[in-house]
Amino acid sequence: MKKLFLVLVLATVTLCSAYSQNGHSDMTFAGKSHFFVTMNGAQVGETDIPSDTLIYASGDFILPAMTYGKMVIPSFQIKGTKYSGGYNGVIWDDQTFSATAVDASGEEKTVTGSSLKGSMTHENGIYRLVLDVTFTYGSMPFPITYSIESYYIKEYAGENIVNVGGQFGPYKASVTHRIRTYVEESKTKLDVEIPAYTLLNTAIGDLTLGSYTVCGLEYDEERGGYFRDYSSDNLSMHFTASQNGIVSIDGNYPLSASGNNNLLVEIANEKVRITNNFKPGAMPFPITAVMDQTASSGISSLHSSPSSTPSFTLEGIKTPSYYRGIVVRNGKKYSLR
């Protein structure tokens, strides 16, 4: 019996340790949240937030700021919560807590929690955290209730290998993609944050490609991974180009004009390969960015010799509000707008 008890304790500690580490000391969860104020038995100020962020680390929670009208409850940390469970799940039974929040003026406010309960489960690689808290803030006489159903955002780092039009490149940059795996309508889906990164010494100078998030990737049997064509998602990318310190392009460009923007995420044995095909604005060449976490040298076929690189120059035409990029190839001009 003593041995069995020890095994159960170790299982619980191992699970929570795995949750808190997983490559990082803190785990970030994102999902839908809801909060309201209870006044005279009625719920007022009800607010739904489609995507809210919660941070968890070894029994501690960092709640996001909550805003309703002019009322702002700043972010605060709940330390040392009590939990129980095993490898596949952790339970927070209803408990009280206390914390400190710092408002916009720098003044500390006491947070008194009358209730905290929740659960964290791990099934088929999906980490789901549900939390409900009720508390009072500072001298506010009415309690606030906050709840969130969230899923873990895992980070995958690797080398992005970028090829333009199958003719320019490859260009390389170290990147970290953040992937949220969740269940919606009984389907496993992914949200993928494409990070910002800079490509140095390209044919048109130093390029910086901005961050954006593609939501709702679903598994595609034929492609062998999670896929989404995001051409109709109204996404955009901030794109800049500079040469010798002179900025020639600087603006936001839609990722919908070409109808050829898609993302494929292949996952095997905790390793990830991410293939992003996209065309910002009216750029004449499609771009392919591949992050292969399993083998950074596994895309050698993308390499091309310098002698085979076509003529490719850039002109910058300044307007009152932005730089408009003009790509010149073989004597023909193409506008990025």
# chains A, B, ... in the order shown; residues from 1 in each chain; ligands from 1
$ residues_around --residues "Val37 of chain A" --least-positions-apart "5" --cutoff "7 Å" --atoms "only C-alpha atoms" --output "ChimeraX atom specification"
/A:43-45,142-145
$ select_by_dssp --residues "segment 3-181 of chain A" --states "strand (DSSP E or B)" --output "PyMOL selection string"
chain A and resi 27-39+42-57+60-63+66-68+71-73+76-78+84-86+89-102+108-123+126-137+144-164+168-181
$ closest_residue --among "A:Ser114, A:Thr47, A:Asn40, A:Asn160" --to "Ile194 of chain A" --atoms "only C-alpha atoms"
A:Asn160
$ closest_atom_pairs --of "segment 237-256 of chain A" --to "segment 267-288 of chain A" --cutoff "10 Å" --atoms "only C-alpha atoms" --output "CSV"
residue,atom,partner,partner_atom,distance
A:Met237,CA,A:Pro280,CA,6.9
A:His238,CA,A:Pro280,CA,8.9
A:Phe239,CA,A:Pro280,CA,8.0
A:Asn252,CA,A:Gly281,CA,8.5
A:Tyr253,CA,A:Gly281,CA,4.8
A:Pro254,CA,A:Gly281,CA,5.1
A:Leu255,CA,A:Pro280,CA,5.1
A:Ser256,CA,A:Gly281,CA,7.6
$ closest_atom_pairs --of "segment 115-191 of chain A" --to "segment 72-83 of chain A" --cutoff "9 Å" --atoms "only C-alpha atoms" --output "JSON lines"
{"residue": "A:Leu116", "atom": "CA", "partner": "A:Thr81", "partner_atom": "CA", "distance": 8.6}
{"residue": "A:Ser119", "atom": "CA", "partner": "A:Tyr83", "partner_atom": "CA", "distance": 8.8}
{"residue": "A:Tyr137", "atom": "CA", "partner": "A:Ile73", "partner_atom": "CA", "distance": 7.6}
$ write_last_selection --atoms "N, CA and C atoms" --output "mmCIF file, in the first residue's frame"
data_model
loop_
_atom_site.group_PDB
_atom_site.id
_atom_site.type_symbol
_atom_site.label_atom_id
_atom_site.label_comp_id
_atom_site.auth_asym_id
_atom_site.auth_seq_id
_atom_site.Cartn_x
_atom_site.Cartn_y
_atom_site.Cartn_z
ATOM 1 N N LEU A 116 -11.717 29.057 -6.150
ATOM 2 C CA LEU A 116 -10.881 28.699 -7.291
ATOM 3 C C LEU A 116 -11.050 27.203 -7.513
ATOM 4 N N SER A 119 -9.510 22.244 -13.762
ATOM 5 C CA SER A 119 -8.937 20.957 -14.149
ATOM 6 C C SER A 119 -8.003 21.154 -15.319
ATOM 7 N N TYR A 137 -11.726 42.763 -5.617
ATOM 8 C CA TYR A 137 -10.531 43.527 -5.994
ATOM 9 C C TYR A 137 -10.497 44.829 -5.225
#
$ closest_residue --among "A:Thr240, A:Asn234, A:Thr67, A:Thr181" --to "Asn124 of chain A" --atoms "only C-alpha atoms"
A:Thr181
$ residues_around --residues "segment 205-215 of chain A" --least-positions-apart "4" --cutoff "9 Å" --atoms "only C-alpha atoms" --output "compact mmCIF listing (two decimals) with C-alpha atoms, in the first residue's frame"
# COMPACT_ATOMS: atom_id res chain seq x y z
CA LYS A 189 -7.59 21.82 -34.98
CA LEU A 190 -4.48 23.97 -34.91
CA ASP A 191 -3.88 27.70 -34.66
CA VAL A 192 -0.38 28.60 -35.87
CA GLU A 193 1.40 31.87 -35.17
CA ILE A 194 3.79 32.61 -38.01
CA PRO A 195 6.66 34.56 -36.40
CA ALA A 196 8.31 37.70 -37.69
CA TYR A 197 11.77 37.11 -39.09
CA THR A 198 14.48 38.86 -41.10
CA LEU A 199 16.26 37.56 -44.20
CA LEU A 200 19.63 39.19 -44.72
CA ASN A 201 21.43 39.86 -48.00
CA ARG A 228 -5.52 25.37 -44.36
CA TYR A 230 -6.01 31.00 -45.72
CA ASP A 233 -9.10 34.80 -44.10
CA LEU A 235 -4.87 38.25 -43.22
CA SER A 236 -2.04 40.64 -43.94
CA MET A 237 1.71 40.83 -43.42
CA HIS A 238 3.90 43.79 -42.58
CA PHE A 239 6.73 43.70 -45.10
CA THR A 240 9.85 45.84 -45.15
CA ALA A 241 12.92 45.90 -47.36
CA SER A 242 16.08 47.91 -46.96
CA GLN A 243 19.46 48.13 -48.64
CA ASN A 244 22.48 49.89 -47.20
CA ASN A 252 1.06 46.07 -44.72
CA LEU A 263 -0.11 26.33 -44.54
CA LEU A 314 14.32 46.85 -56.69
$ atom_distance --atom1 "atom CA of Arg128 of chain A" --atom2 "atom CA of Gly216 of chain A"
16.8 Å
$ closest_residue --among "A:Ser33, A:Ser84, A:Thr202, A:Ser186" --to "Phe168 of chain A" --atoms "only C-alpha atoms"
A:Thr202
$ residues_around --residues "Asn88 of chain A" --least-positions-apart "4" --cutoff "9 Å" --atoms "only C-alpha atoms" --output "CSV table (one decimal) with C-alpha atoms, in the first residue's frame"
chain,number,residue,atom,x,y,z
A,15,LEU,CA,2.5,15.4,-14.5
A,120,MET,CA,-6.1,20.2,-16.6
A,121,THR,CA,-6.3,17.2,-18.9
A,122,HIS,CA,-3.9,15.7,-21.4
A,123,GLU,CA,-5.3,13.4,-24.0
